[in-house]
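Novice: final.txt (compact mmCIF, C-alpha atoms and all ligand atoms) pasted underneath:
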```
# COMPACT_ATOMS: atom_id res chain seq x y z
CA MET E 1227 4.23 -36.96 6.05
CA ILE E 1228 7.02 -34.88 7.62
CA ASN E 1229 7.37 -31.44 6.05
CA GLU E 1230 10.83 -29.91 5.99
CA PRO E 1231 10.41 -26.61 4.17
CA ASN E 1232 13.93 -25.43 4.93
CA SER E 1233 16.90 -26.33 7.07
CA THR E 1234 16.06 -23.67 9.70
CA PHE E 1235 13.06 -25.69 10.79
CA ALA E 1236 14.39 -29.20 10.12
CA SER E 1237 14.27 -30.17 13.77
CA GLY E 1238 12.81 -29.05 17.08
CA PRO E 1239 9.17 -28.73 18.13
CA SER E 1240 6.54 -29.74 15.60
CA ILE E 1241 2.78 -29.57 15.10
CA LYS E 1242 0.41 -31.50 12.92
CA ILE E 1243 -1.73 -29.44 10.55
CA ASP E 1244 -4.44 -31.24 8.57
CA GLY E 1245 -2.47 -34.47 9.01
CA GLU E 1246 0.92 -33.06 7.98
CA THR E 1247 3.69 -32.69 10.55
CA ILE E 1248 5.75 -29.52 10.34
CA PHE E 1249 8.56 -28.16 12.47
CA PHE E 1250 8.36 -24.62 13.76
CA SER E 1251 10.52 -22.16 15.61
CA GLU E 1252 9.69 -20.70 19.02
CA GLY E 1253 7.23 -17.81 18.81
CA GLU E 1254 5.59 -18.70 15.50
CA THR E 1255 1.79 -18.64 15.42
CA ILE E 1256 -0.36 -21.43 14.04
CA TYR E 1257 -1.23 -19.13 11.13
CA GLU E 1258 2.42 -18.50 10.25
CA VAL E 1259 3.28 -22.20 10.37
CA ALA E 1260 0.19 -23.11 8.33
CA LYS E 1261 1.11 -20.49 5.74
CA ARG E 1262 4.45 -22.21 5.20
CA LEU E 1263 2.42 -25.33 4.47
CA GLN E 1264 0.48 -23.33 1.81
CA LYS E 1265 -2.72 -23.55 3.90
CA ASN E 1266 -5.13 -20.85 2.85
CA ILE E 1267 -6.65 -19.83 6.20
CA PRO E 1268 -8.96 -16.84 5.60
CA THR E 1269 -8.26 -13.59 7.45
CA LEU E 1270 -9.70 -10.10 7.62
CA CYS E 1271 -7.97 -8.22 10.42
CA TYR E 1272 -4.55 -9.65 9.56
CA ASP E 1273 -1.78 -7.79 7.77
CA GLU E 1274 1.55 -9.59 7.94
CA ARG E 1275 3.39 -6.30 8.48
CA LEU E 1276 1.46 -5.59 11.70
CA GLU E 1277 1.19 -7.07 15.17
CA ALA E 1278 -1.55 -9.71 15.09
CA PHE E 1279 -4.78 -8.30 16.48
CA GLY E 1280 -7.19 -11.25 16.76
CA GLY E 1281 -10.31 -9.18 16.17
CA CYS E 1282 -12.25 -10.75 13.29
CA ARG E 1283 -12.05 -14.44 14.34
CA LEU E 1284 -12.17 -15.54 10.70
CA CYS E 1285 -8.84 -17.34 11.02
CA VAL E 1286 -10.13 -19.69 13.75
CA VAL E 1287 -8.98 -23.29 13.60
CA SER E 1288 -9.80 -26.37 15.60
CA VAL E 1289 -7.11 -27.60 18.01
CA GLU E 1290 -7.31 -31.06 19.53
CA GLY E 1291 -7.94 -30.88 23.29
CA ILE E 1292 -9.24 -27.27 23.20
CA ARG E 1293 -13.03 -27.03 23.31
CA ASN E 1294 -13.50 -23.74 21.43
CA PRO E 1295 -11.89 -22.80 18.10
CA VAL E 1296 -8.81 -20.59 18.50
CA ALA E 1297 -7.66 -17.62 16.41
CA SER E 1298 -4.68 -18.96 14.47
CA CYS E 1299 -3.17 -15.49 13.95
CA THR E 1300 -2.67 -14.90 17.69
CA THR E 1301 -2.21 -18.44 19.03
CA LYS E 1302 1.38 -19.60 19.26
CA ALA E 1303 2.21 -23.07 17.98
CA THR E 1304 3.20 -25.49 20.74
CA ASP E 1305 4.95 -28.82 20.48
CA GLY E 1306 2.62 -31.71 19.66
CA MET E 1307 -0.40 -29.53 18.73
CA VAL E 1308 -2.88 -31.16 16.35
CA VAL E 1309 -4.70 -28.60 14.20
CA GLN E 1310 -7.52 -28.78 11.65
CA THR E 1311 -7.73 -25.66 9.49
CA ALA E 1312 -11.02 -26.20 7.69
CA PRO E 1313 -13.31 -28.84 9.23
CA PRO E 1314 -17.01 -28.36 8.25
CA GLU E 1315 -18.01 -26.76 11.57
CA ILE E 1316 -15.23 -24.17 11.26
CA GLU E 1317 -16.12 -23.40 7.66
CA LYS E 1318 -19.75 -22.94 8.71
CA MET E 1319 -18.66 -20.60 11.49
CA ARG E 1320 -16.62 -18.57 9.00
CA ARG E 1321 -19.58 -18.28 6.67
CA THR E 1322 -21.80 -17.03 9.51
CA LEU E 1323 -19.13 -14.55 10.56
CA LEU E 1324 -18.93 -13.25 7.00
CA GLU E 1325 -22.70 -12.93 6.87
CA LEU E 1326 -22.65 -10.93 10.10
CA VAL E 1327 -19.96 -8.64 8.75
CA SER E 1328 -21.39 -8.24 5.26
CA SER E 1329 -24.91 -7.59 6.60
CA GLU E 1330 -23.48 -4.39 8.10
CA ASN E 1331 -21.97 -3.21 4.86
CA ARG E 1332 -23.87 -1.22 2.28
CA ASP E 1333 -21.69 -2.48 -0.58
CA THR E 1334 -19.71 -5.70 -0.40
CA GLN E 1335 -18.32 -5.38 -3.94
CA PRO E 1336 -16.22 -2.17 -3.86
CA ASN E 1337 -14.41 -0.91 -6.94
CA PRO E 1338 -10.89 -2.41 -7.17
CA LEU E 1339 -9.52 1.11 -7.68
CA SER E 1340 -10.40 1.77 -4.02
CA GLY E 1341 -7.18 0.29 -2.67
CA PHE E 1342 -4.80 -2.67 -2.71
CA ALA E 1343 -6.68 -4.83 -0.18
CA SER E 1344 -10.15 -3.49 -0.90
CA GLN E 1345 -11.34 -6.76 -2.45
CA GLU E 1346 -10.50 -8.98 0.54
CA LEU E 1347 -13.99 -8.99 2.08
CA SER E 1348 -15.76 -9.29 -1.28
CA ALA E 1349 -13.52 -12.21 -2.30
CA LEU E 1350 -14.33 -14.05 0.94
CA VAL E 1351 -18.05 -13.28 0.72
CA ASN E 1352 -18.06 -14.74 -2.80
CA LYS E 1353 -15.94 -17.75 -1.85
CA TYR E 1354 -18.16 -18.70 1.09
CA GLY E 1355 -21.43 -17.72 -0.58
CA ALA E 1356 -22.19 -15.52 2.42
CA ARG E 1357 -25.58 -13.82 2.24
CA ASN E 1358 -25.51 -10.04 2.49
CA GLY E 1359 -28.41 -8.75 4.59
CA ARG E 1360 -29.13 -11.97 6.47
CA PHE E 1361 -28.76 -10.23 9.82
CA GLN E 1362 -30.79 -7.08 10.33
CA GLY E 1363 -30.53 -4.46 13.07
CA ALA E 1364 -28.04 -1.89 14.34
CA LYS E 1365 -25.05 -0.98 12.19
CA SER E 1366 -21.78 0.63 13.20
CA GLY E 1367 -19.75 3.34 11.50
CA THR E 1368 -20.87 6.69 10.14
CA SER E 1369 -19.32 7.82 6.86
CA ASN E 1370 -17.57 11.16 6.75
CA PHE E 1371 -17.99 12.47 3.22
CA LYS E 1372 -17.54 16.06 4.43
CA ASP E 1373 -13.80 15.61 4.88
CA ALA E 1374 -12.51 17.82 2.06
CA ASN E 1375 -9.08 16.24 1.76
CA PRO E 1376 -8.37 15.48 -1.92
CA PHE E 1377 -7.01 11.96 -1.43
CA ILE E 1378 -8.85 9.70 1.03
CA LEU E 1379 -12.52 8.77 0.97
CA ARG E 1380 -13.83 7.96 4.47
CA ASP E 1381 -16.86 5.74 3.92
CA TYR E 1382 -17.18 4.10 7.34
CA GLU E 1383 -20.51 2.47 6.57
CA GLN E 1384 -18.24 -0.04 4.83
CA CYS E 1385 -16.06 -0.41 7.94
CA ILE E 1386 -15.81 -3.78 9.69
CA SER E 1387 -13.73 -2.51 12.64
CA CYS E 1388 -10.65 -4.55 11.79
CA TYR E 1389 -8.50 -1.58 12.90
CA ARG E 1390 -5.92 -2.30 10.21
CA CYS E 1391 -5.95 1.39 9.27
CA VAL E 1392 -5.31 2.55 12.83
CA ARG E 1393 -2.60 -0.05 13.37
CA VAL E 1394 -0.77 0.60 10.09
CA CYS E 1395 -0.81 4.34 10.82
CA ALA E 1396 0.71 3.75 14.25
CA GLU E 1397 2.99 0.77 13.67
CA GLN E 1398 4.24 1.38 10.12
CA GLU E 1399 3.93 5.11 9.69
CA GLY E 1400 4.41 6.18 13.32
CA ASP E 1401 1.83 8.91 12.79
CA TYR E 1402 -1.05 8.00 15.13
CA ALA E 1403 -3.25 10.26 13.01
CA ILE E 1404 -6.37 8.09 13.38
CA SER E 1405 -7.80 6.08 16.25
CA VAL E 1406 -10.88 4.19 17.39
CA ALA E 1407 -13.64 5.93 19.32
CA ASN E 1408 -16.37 4.16 21.31
CA ARG E 1409 -17.18 0.46 21.32
CA GLY E 1410 -19.69 -2.03 19.93
CA PHE E 1411 -22.15 -0.59 17.40
CA LYS E 1412 -20.88 2.91 18.21
CA THR E 1413 -17.34 2.05 17.10
CA GLN E 1414 -15.95 4.76 14.85
CA ILE E 1415 -12.59 5.33 13.19
CA THR E 1416 -11.79 8.97 13.80
CA THR E 1417 -9.12 11.65 14.05
CA GLU E 1418 -8.32 13.66 17.15
CA PHE E 1419 -11.34 15.83 18.02
CA ASP E 1420 -13.02 14.31 14.95
CA HIS E 1421 -11.47 16.94 12.69
CA ASP E 1422 -10.70 16.51 8.99
CA LEU E 1423 -7.62 14.50 8.06
CA ARG E 1424 -5.91 17.69 6.87
CA ASP E 1425 -6.10 19.04 10.43
CA SER E 1426 -4.65 15.84 11.93
CA ASP E 1427 -1.13 14.40 11.93
CA CYS E 1428 -1.92 12.54 8.70
CA THR E 1429 0.88 12.69 6.11
CA PHE E 1430 -1.37 11.19 3.40
CA CYS E 1431 0.93 8.24 2.92
CA GLY E 1432 -2.13 6.22 1.91
CA GLN E 1433 -1.19 3.13 3.90
CA CYS E 1434 -4.56 3.03 5.67
CA VAL E 1435 -6.26 3.09 2.27
CA GLN E 1436 -4.15 0.26 0.92
CA THR E 1437 -4.64 -2.05 3.91
CA CYS E 1438 -8.40 -1.51 4.30
CA PRO E 1439 -10.09 -4.83 3.34
CA THR E 1440 -13.47 -3.33 2.45
CA GLY E 1441 -12.92 -0.08 0.56
CA ALA E 1442 -14.18 1.91 3.57
CA LEU E 1443 -11.04 3.96 3.13
CA ALA E 1444 -10.55 4.50 -0.58
CA ASP E 1445 -8.39 6.38 -3.06
CA LYS E 1446 -10.52 9.35 -4.13
CA LYS E 1447 -8.32 10.21 -7.09
CA ALA E 1448 -8.32 6.68 -8.51
CA LEU E 1449 -12.08 6.37 -8.09
CA ARG E 1450 -12.57 9.36 -10.38
CA SER E 1451 -11.73 6.96 -13.21
CA ALA E 1452 -14.10 4.25 -12.02
CA GLU E 1453 -16.48 4.86 -14.93
CA LEU E 1454 -13.85 4.50 -17.66
CA PRO E 1455 -14.75 1.33 -19.55
CA GLU E 1456 -11.26 -0.16 -19.95
CA GLU E 1457 -9.89 -2.92 -17.72
CA ILE E 1458 -7.50 -1.92 -14.93
CA LYS E 1459 -3.94 -2.87 -15.79
CA LYS E 1460 -1.17 -2.83 -13.18
CA THR E 1461 2.43 -2.20 -14.20
CA ARG E 1462 5.20 -2.77 -11.65
CA THR E 1463 7.78 0.00 -11.70
CA VAL E 1464 9.94 2.11 -9.38
CA CYS E 1465 8.65 5.40 -8.02
CA PRO E 1466 10.55 8.20 -9.79
CA TYR E 1467 10.36 10.77 -6.98
CA CYS E 1468 13.46 10.13 -4.85
CA ALA E 1469 16.39 7.80 -4.43
CA VAL E 1470 14.72 5.28 -2.06
CA GLY E 1471 13.42 3.24 -4.97
CA CYS E 1472 9.98 2.18 -3.70
CA SER E 1473 8.30 -0.48 -5.82
CA ILE E 1474 4.97 0.70 -7.08
CA ASP E 1475 2.16 -0.59 -9.30
CA LEU E 1476 0.90 2.07 -11.67
CA MET E 1477 -2.74 1.44 -12.52
CA THR E 1478 -3.84 2.32 -16.02
CA LYS E 1479 -7.04 2.24 -18.00
CA GLY E 1480 -6.24 2.41 -21.69
CA ASN E 1481 -3.52 5.05 -22.03
CA LYS E 1482 -4.43 6.87 -18.84
CA ILE E 1483 -2.66 6.45 -15.50
CA VAL E 1484 -5.51 6.36 -13.00
CA GLY E 1485 -3.77 5.54 -9.73
CA ALA E 1486 -0.85 4.01 -7.89
CA GLN E 1487 -0.58 1.23 -5.34
CA PRO E 1488 2.47 0.22 -3.32
CA ALA E 1489 4.05 -3.17 -3.98
CA MET E 1490 3.51 -5.11 -0.76
CA LYS E 1491 6.69 -7.15 -1.37
CA GLY E 1492 8.75 -4.20 -2.64
CA PRO E 1493 12.22 -4.67 -1.14
CA ALA E 1494 12.69 -0.98 -0.31
CA ASN E 1495 9.19 -0.15 0.87
CA LYS E 1496 7.24 -3.32 1.76
CA GLY E 1497 3.88 -1.74 1.01
CA ALA E 1498 4.73 1.77 2.17
CA LEU E 1499 4.75 4.93 0.07
CA CYS E 1500 4.82 8.64 0.83
CA ILE E 1501 2.25 11.14 -0.35
CA LYS E 1502 4.17 11.80 -3.57
CA GLY E 1503 4.49 8.19 -4.68
CA GLN E 1504 0.94 7.44 -3.61
CA PHE E 1505 -1.07 10.34 -4.91
CA THR E 1506 0.91 12.75 -7.08
CA PHE E 1507 1.30 11.06 -10.44
CA ASP E 1508 -0.68 13.74 -12.32
CA PHE E 1509 2.45 15.40 -13.72
CA ILE E 1510 2.99 12.42 -16.02
CA GLN E 1511 0.03 13.27 -18.21
CA HIS E 1512 -0.36 16.96 -17.33
CA GLU E 1513 -1.03 19.17 -20.34
CA ASP E 1514 1.71 21.61 -19.24
CA ARG E 1515 4.37 18.91 -19.23
CA LEU E 1516 7.24 19.61 -21.65
CA LYS E 1517 7.60 16.84 -24.17
CA LYS E 1518 10.18 18.54 -26.41
CA PRO E 1519 13.05 20.98 -25.70
CA LEU E 1520 12.44 24.72 -26.00
CA ILE E 1521 14.96 27.41 -26.95
CA LYS E 1522 14.42 30.96 -25.77
CA GLN E 1523 14.34 33.38 -28.67
CA ALA E 1524 15.68 36.97 -28.80
CA ASP E 1525 12.15 38.34 -28.27
CA GLY E 1526 11.73 36.28 -25.08
CA THR E 1527 9.41 33.65 -26.54
CA PHE E 1528 10.21 29.92 -26.59
CA LYS E 1529 10.53 27.82 -29.72
CA GLU E 1530 10.05 24.05 -29.71
CA VAL E 1531 13.02 22.28 -31.34
CA GLU E 1532 14.47 18.79 -31.79
CA TRP E 1533 17.01 17.44 -29.29
CA ASP E 1534 20.04 17.82 -31.60
CA GLU E 1535 19.40 21.52 -32.04
CA ALA E 1536 18.74 22.00 -28.32
CA LEU E 1537 21.94 20.20 -27.28
CA LYS E 1538 24.02 22.25 -29.72
CA ALA E 1539 22.54 25.47 -28.37
CA ALA E 1540 23.23 24.36 -24.77
CA ALA E 1541 26.83 23.42 -25.60
CA LYS E 1542 27.40 26.83 -27.18
CA GLY E 1543 25.94 28.54 -24.13
CA PHE E 1544 28.18 26.60 -21.72
CA ALA E 1545 31.28 27.32 -23.85
CA ARG E 1546 30.42 31.03 -23.94
CA ALA E 1547 29.99 31.19 -20.16
CA LYS E 1548 33.25 29.34 -19.50
CA ALA E 1549 35.22 31.54 -21.95
CA LYS E 1550 33.86 34.73 -20.42
CA TYR E 1551 33.70 33.91 -16.67
CA GLY E 1552 36.03 30.91 -16.17
CA ARG E 1553 35.47 27.23 -15.43
CA HIS E 1554 33.88 27.79 -11.99
CA SER E 1555 31.04 29.69 -13.60
CA VAL E 1556 29.44 26.36 -14.44
CA TYR E 1557 27.45 24.52 -11.77
CA GLY E 1558 25.74 21.18 -12.28
CA ILE E 1559 22.74 19.90 -10.31
CA ALA E 1560 21.91 16.24 -10.91
CA SER E 1561 18.41 14.95 -10.36
CA GLY E 1562 17.73 12.96 -7.19
CA ARG E 1563 15.42 10.82 -9.32
CA ALA E 1564 18.20 9.77 -11.68
CA PRO E 1565 19.77 6.31 -11.50
CA HIS E 1566 23.43 5.84 -10.48
CA GLU E 1567 24.65 5.68 -14.06
CA ALA E 1568 23.08 9.02 -14.96
CA ALA E 1569 24.37 10.65 -11.75
CA TYR E 1570 27.89 9.36 -12.50
CA THR E 1571 27.72 10.67 -16.05
CA MET E 1572 26.58 14.07 -14.79
CA GLN E 1573 29.47 14.51 -12.38
CA LYS E 1574 31.89 13.35 -15.09
CA PHE E 1575 30.39 15.89 -17.48
CA ILE E 1576 30.92 18.72 -14.99
CA ARG E 1577 34.30 17.65 -13.60
CA ALA E 1578 36.00 16.38 -16.77
CA GLY E 1579 34.10 18.62 -19.19
CA PHE E 1580 34.56 21.97 -17.40
CA GLY E 1581 37.26 21.28 -14.79
CA THR E 1582 35.17 22.28 -11.78
CA HIS E 1583 33.91 20.48 -8.69
CA HIS E 1584 30.71 22.53 -8.73
CA ILE E 1585 28.40 19.53 -8.86
CA ASP E 1586 25.57 18.59 -6.47
CA ASN E 1587 22.17 16.95 -6.57
CA CYS E 1588 18.71 18.34 -6.04
CA SER E 1589 18.17 16.37 -2.81
CA ARG E 1590 20.65 18.76 -1.12
CA ALA E 1591 20.65 21.81 -3.32
S1 LIG B 1601 -2.72 8.37 5.16
FE1 LIG B 1601 -1.01 7.55 6.37
S2 LIG B 1601 -0.71 9.08 7.99
FE2 LIG B 1601 -2.77 9.47 7.11
S3 LIG B 1601 -4.19 8.33 8.42
FE3 LIG B 1601 -3.61 6.99 6.68
S4 LIG B 1601 -1.86 5.77 7.45
FE4 LIG B 1601 -2.11 7.53 8.83
S1 LIG B 1602 -11.72 1.72 7.85
FE1 LIG B 1602 -11.12 -0.19 6.82
S2 LIG B 1602 -9.13 -0.72 7.74
FE2 LIG B 1602 -10.10 0.77 9.09
S3 LIG B 1602 -11.15 -0.43 10.63
FE3 LIG B 1602 -12.64 0.02 9.01
S4 LIG B 1602 -12.53 -1.71 7.61
FE4 LIG B 1602 -10.72 -1.81 8.90
S1 LIG B 1603 -7.25 -12.72 11.11
FE1 LIG B 1603 -7.07 -13.75 12.99
S2 LIG B 1603 -8.60 -12.86 14.16
FE2 LIG B 1603 -8.69 -11.72 12.33
```
Would you mind writing the file out in structure tokens?
Specialist:
Amino acid sequence: MINEPNSTFASGPSIKIDGETIFFSEGETIYEVAKRLQKNIPTLCYDERLEAFGGCRLCVVSVEGIRNPVASCTTKATDGMVVQTAPPEIEKMRRTLLELVSSENRDTQPNPLSGFASQELSALVNKYGARNGRFQGAKSGTSNFKDANPFILRDYEQCISCYRCVRVCAEQEGDYAISVANRGFKTQITTEFDHDLRDSDCTFCGQCVQTCPTGALADKKALRSAELPEEIKKTRTVCPYCAVGCSIDLMTKGNKIVGAQPAMKGPANKGALCIKGQFTFDFIQHEDRLKKPLIKQADGTFKEVEWDEALKAAAKGFARAKAKYGRHSVYGIASGRAPHEAAYTMQKFIRAGFGTHHIDNCSRA
């Protein structure tokens, strides 16, 4: 069968994957071509936003004419290649690899609140029936629970040295806040001089947490709600903090927002968030949050009122100020979180309503 997934690849070099012929474009890896064919090759060190690393070897496939299996995420497709993605010997190799990796890890079933990709290893261990603890001996990674930062748990006994955290920090965030020290069983994800994250270049964007496939890096704030009995529900929405419009999944248990995860396919952010979108959602359910308008009374106290009464009082106040000090005494500041329609209405309100150009938004003011 000839596969023609779209006109871009309807001619040119081709490879055969599990008996199906597919065209590819120069530079594509076997993994990328196989993905277009809906082949589910397992990966652990792969994140499609990052340069392929080739560290875990879980994505190995068999290529005709090549004696050893090759990593499909780093091997470029070449014309005429014949590839098998899941012959029994490869599947067995993957299972053994997973047993090696999971034998190192204290907990192969982390809480899903840990991070977006935190279930990747556990899902593969379950799928392949890999035995945890089959291989005994030295283990790498020492957890750093002393790091007092309020956001990121650093539980490196769960680390499988995929380096996704280090690479996302460098390649996506451009921060280079974390790196890899030592090699082999002494491998350790660390900061410069092994200081706390707060003393590093970390901006607490959370991307390392969300790409970690084992929960070794985890969302401390979300995990505080791990014991709540309700199911985790994810609701796709847009981060309200600024005008970029990052897609975000708010995680709730019952009526409580317990965490946030970036939408990996979000058109504006593609899995990225900043510290505010990632970790600072507490204001939504904070007890000090105003839920109704307040009017200041003559004695200086505030009285809670309905919106109609509040709007009338505000209109009177504006009219008083304009009558006494002129139209330029009024100055409007629109919210940078507001959508276009609301921003337009605000400038119309100030310009047409009061006859002044004194209008700005909080991103500049
Ligand atoms: S939170 Fe962001 S900046 Fe900090 S270490 Fe992780 S990826 Fe780097
Ligand atoms: S902390 Fe997580 S993302 Fe980083 S190397 Fe270890 S397993 Fe991979
Ligand atoms: S996913 Fe290819 S080597 Fe890890």
Novice: Work out how far apart atom S2 of ligand LIG 1602 (chain B) and atom CA of Arg1450 of chain E are and give it in Å to one decimal.
Specialist: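 Computing it gives 21.0 Å between the two atoms.
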Novice: Show me, as a Markdown table, the residues of chain E having an atom within 12 Å of ligand LIG 1601 (chain B), each with the closest atom pair and its distance in Å, using all atoms listed in the file.
Specialist:
```
| residue | atom | partner | partner_atom | distance |
| --- | --- | --- | --- | --- |
| E:Asn1375 | CA | B:LIG1601 | S1 | 10.7 |
| E:Pro1376 | CA | B:LIG1601 | S1 | 11.5 |
| E:Phe1377 | CA | B:LIG1601 | S1 | 8.6 |
| E:Ile1378 | CA | B:LIG1601 | S1 | 7.5 |
| E:Leu1379 | CA | B:LIG1601 | S1 | 10.7 |
| E:Arg1380 | CA | B:LIG1601 | S3 | 10.4 |
| E:Tyr1389 | CA | B:LIG1601 | S4 | 11.3 |
| E:Arg1390 | CA | B:LIG1601 | S4 | 9.4 |
| E:Cys1391 | CA | B:LIG1601 | S4 | 6.3 |
| E:Val1392 | CA | B:LIG1601 | FE4 | 7.1 |
| E:Arg1393 | CA | B:LIG1601 | S4 | 8.3 |
| E:Val1394 | CA | B:LIG1601 | S4 | 5.9 |
| E:Cys1395 | CA | B:LIG1601 | S4 | 3.8 |
| E:Ala1396 | CA | B:LIG1601 | FE4 | 7.2 |
| E:Glu1397 | CA | B:LIG1601 | S4 | 9.3 |
| E:Gln1398 | CA | B:LIG1601 | S4 | 8.0 |
| E:Glu1399 | CA | B:LIG1601 | S4 | 6.2 |
| E:Gly1400 | CA | B:LIG1601 | S2 | 7.9 |
| E:Asp1401 | CA | B:LIG1601 | S2 | 5.4 |
| E:Tyr1402 | CA | B:LIG1601 | FE4 | 6.4 |
| E:Ala1403 | CA | B:LIG1601 | S3 | 5.1 |
| E:Ile1404 | CA | B:LIG1601 | S3 | 5.4 |
| E:Ser1405 | CA | B:LIG1601 | S3 | 8.9 |
| E:Val1406 | CA | B:LIG1601 | S3 | 11.9 |
| E:Ile1415 | CA | B:LIG1601 | S3 | 10.1 |
| E:Thr1416 | CA | B:LIG1601 | S3 | 9.3 |
| E:Thr1417 | CA | B:LIG1601 | S3 | 8.2 |
| E:Glu1418 | CA | B:LIG1601 | S3 | 11.0 |
| E:Asp1422 | CA | B:LIG1601 | S3 | 10.5 |
| E:Leu1423 | CA | B:LIG1601 | FE2 | 7.1 |
| E:Arg1424 | CA | B:LIG1601 | FE2 | 8.8 |
| E:Asp1425 | CA | B:LIG1601 | FE2 | 10.7 |
| E:Ser1426 | CA | B:LIG1601 | FE2 | 8.2 |
| E:Asp1427 | CA | B:LIG1601 | S2 | 6.6 |
| E:Cys1428 | CA | B:LIG1601 | FE2 | 3.6 |
| E:Thr1429 | CA | B:LIG1601 | S2 | 4.4 |
| E:Phe1430 | CA | B:LIG1601 | S1 | 3.6 |
| E:Cys1431 | CA | B:LIG1601 | FE1 | 4.0 |
| E:Gly1432 | CA | B:LIG1601 | S1 | 3.9 |
| E:Gln1433 | CA | B:LIG1601 | S4 | 4.5 |
| E:Cys1434 | CA | B:LIG1601 | FE3 | 4.2 |
| E:Val1435 | CA | B:LIG1601 | FE3 | 6.5 |
| E:Gln1436 | CA | B:LIG1601 | S4 | 8.8 |
| E:Thr1437 | CA | B:LIG1601 | S4 | 9.0 |
| E:Cys1438 | CA | B:LIG1601 | FE3 | 10.0 |
| E:Leu1443 | CA | B:LIG1601 | FE3 | 8.8 |
| E:Ala1444 | CA | B:LIG1601 | FE3 | 10.3 |
| E:Asp1445 | CA | B:LIG1601 | S1 | 10.2 |
| E:Gly1497 | CA | B:LIG1601 | S4 | 11.4 |
| E:Ala1498 | CA | B:LIG1601 | FE1 | 9.2 |
| E:Leu1499 | CA | B:LIG1601 | FE1 | 8.9 |
| E:Cys1500 | CA | B:LIG1601 | FE1 | 8.1 |
| E:Ile1501 | CA | B:LIG1601 | S1 | 7.9 |
| E:Lys1502 | CA | B:LIG1601 | S1 | 11.6 |
| E:Gln1504 | CA | B:LIG1601 | S1 | 9.5 |
| E:Phe1505 | CA | B:LIG1601 | S1 | 10.4 |
```
Novice: Record the distance separating atom CA of Ala1489 of chain E and atom CA of Lys1460 of chain E, expressed in Å with one decimal.
Specialist: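 For atom CA of Ala1489 of chain E relative to atom CA of Lys1460 of chain E, the distance reads 10.6 Å.
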Novice: Nearest residue to ligand LIG 1602 (chain B) out of E:Glu1315, E:Asp1508, E:Glu1532, E:Asp1273, using only C-alpha atoms and all ligand atoms?
Specialist: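 Under the stated criterion, the closest residue is E:Asp1273.
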Novice: Could you state the separation of atom CA of Ala1564 of chain E and atom CA of Asp1586 of chain E in Å, given to one decimal place?
Specialist: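 Atom CA of Ala1564 of chain E sits 12.6 Å away from atom CA of Asp1586 of chain E.
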Novice: Using all atoms listed in the file, what does the table of segment 1251-1281 of chain E residues within 10 Å of segment 1293-1305 of chain E look like, with each row giving the shortest atom pair and its distance in Å to one decimal, sorted by chain and ascending number, as a Markdown table?
Specialist:
```
| residue | atom | partner | partner_atom | distance |
| --- | --- | --- | --- | --- |
| E:Ser1251 | CA | E:Ala1303 | CA | 8.7 |
| E:Glu1252 | CA | E:Ala1303 | CA | 7.9 |
| E:Gly1253 | CA | E:Lys1302 | CA | 6.1 |
| E:Glu1254 | CA | E:Lys1302 | CA | 5.7 |
| E:Thr1255 | CA | E:Lys1302 | CA | 4.0 |
| E:Ile1256 | CA | E:Ala1303 | CA | 5.0 |
| E:Tyr1257 | CA | E:Ser1298 | CA | 4.8 |
| E:Glu1258 | CA | E:Cys1299 | CA | 7.3 |
| E:Val1259 | CA | E:Ala1303 | CA | 7.7 |
| E:Ala1260 | CA | E:Ser1298 | CA | 8.9 |
| E:Ile1267 | CA | E:Ser1298 | CA | 8.5 |
| E:Thr1269 | CA | E:Cys1299 | CA | 8.5 |
| E:Cys1271 | CA | E:Cys1299 | CA | 9.4 |
| E:Tyr1272 | CA | E:Cys1299 | CA | 7.4 |
| E:Asp1273 | CA | E:Cys1299 | CA | 10.0 |
| E:Glu1274 | CA | E:Cys1299 | CA | 9.7 |
| E:Glu1277 | CA | E:Thr1300 | CA | 9.1 |
| E:Ala1278 | CA | E:Thr1300 | CA | 5.9 |
| E:Phe1279 | CA | E:Thr1300 | CA | 7.0 |
| E:Gly1280 | CA | E:Thr1300 | CA | 5.9 |
| E:Gly1281 | CA | E:Ala1297 | CA | 8.8 |
```
Novice: Do you know which residues are at most 8 Å from segment 1334-1346 of chain E counting only C-alpha atoms, after dropping those on the same chain fewer than 3 positions away, and could you put them as a JSON list (two decimals) with C-alpha atoms, in the frame of the given file?
Specialist:
```
[["chain", "number", "residue", "atom", "x", "y", "z"],
["E", 1270, "LEU", "CA", -9.70, -10.10, 7.62],
["E", 1328, "SER", "CA", -21.39, -8.24, 5.26],
["E", 1331, "ASN", "CA", -21.97, -3.21, 4.86],
["E", 1349, "ALA", "CA", -13.52, -12.21, -2.30],
["E", 1350, "LEU", "CA", -14.33, -14.05, 0.94],
["E", 1351, "VAL", "CA", -18.05, -13.28, 0.72],
["E", 1358, "ASN", "CA", -25.51, -10.04, 2.49],
["E", 1384, "GLN", "CA", -18.24, -0.04, 4.83],
["E", 1435, "VAL", "CA", -6.26, 3.09, 2.27],
["E", 1436, "GLN", "CA", -4.15, 0.26, 0.92],
["E", 1437, "THR", "CA", -4.64, -2.05, 3.91],
["E", 1438, "CYS", "CA", -8.40, -1.51, 4.30],
["E", 1439, "PRO", "CA", -10.09, -4.83, 3.34],
["E", 1440, "THR", "CA", -13.47, -3.33, 2.45],
["E", 1441, "GLY", "CA", -12.92, -0.08, 0.56],
["E", 1443, "LEU", "CA", -11.04, 3.96, 3.13],
["E", 1444, "ALA", "CA", -10.55, 4.50, -0.58],
["E", 1445, "ASP", "CA", -8.39, 6.38, -3.06],
["E", 1446, "LYS", "CA", -10.52, 9.35, -4.13],
["E", 1448, "ALA", "CA", -8.32, 6.68, -8.51],
["E", 1449, "LEU", "CA", -12.08, 6.37, -8.09],
["E", 1452, "ALA", "CA", -14.10, 4.25, -12.02],
["E", 1485, "GLY", "CA", -3.77, 5.54, -9.73],
["E", 1487, "GLN", "CA", -0.58, 1.23, -5.34],
["E", 1488, "PRO", "CA", 2.47, 0.22, -3.32]]
```
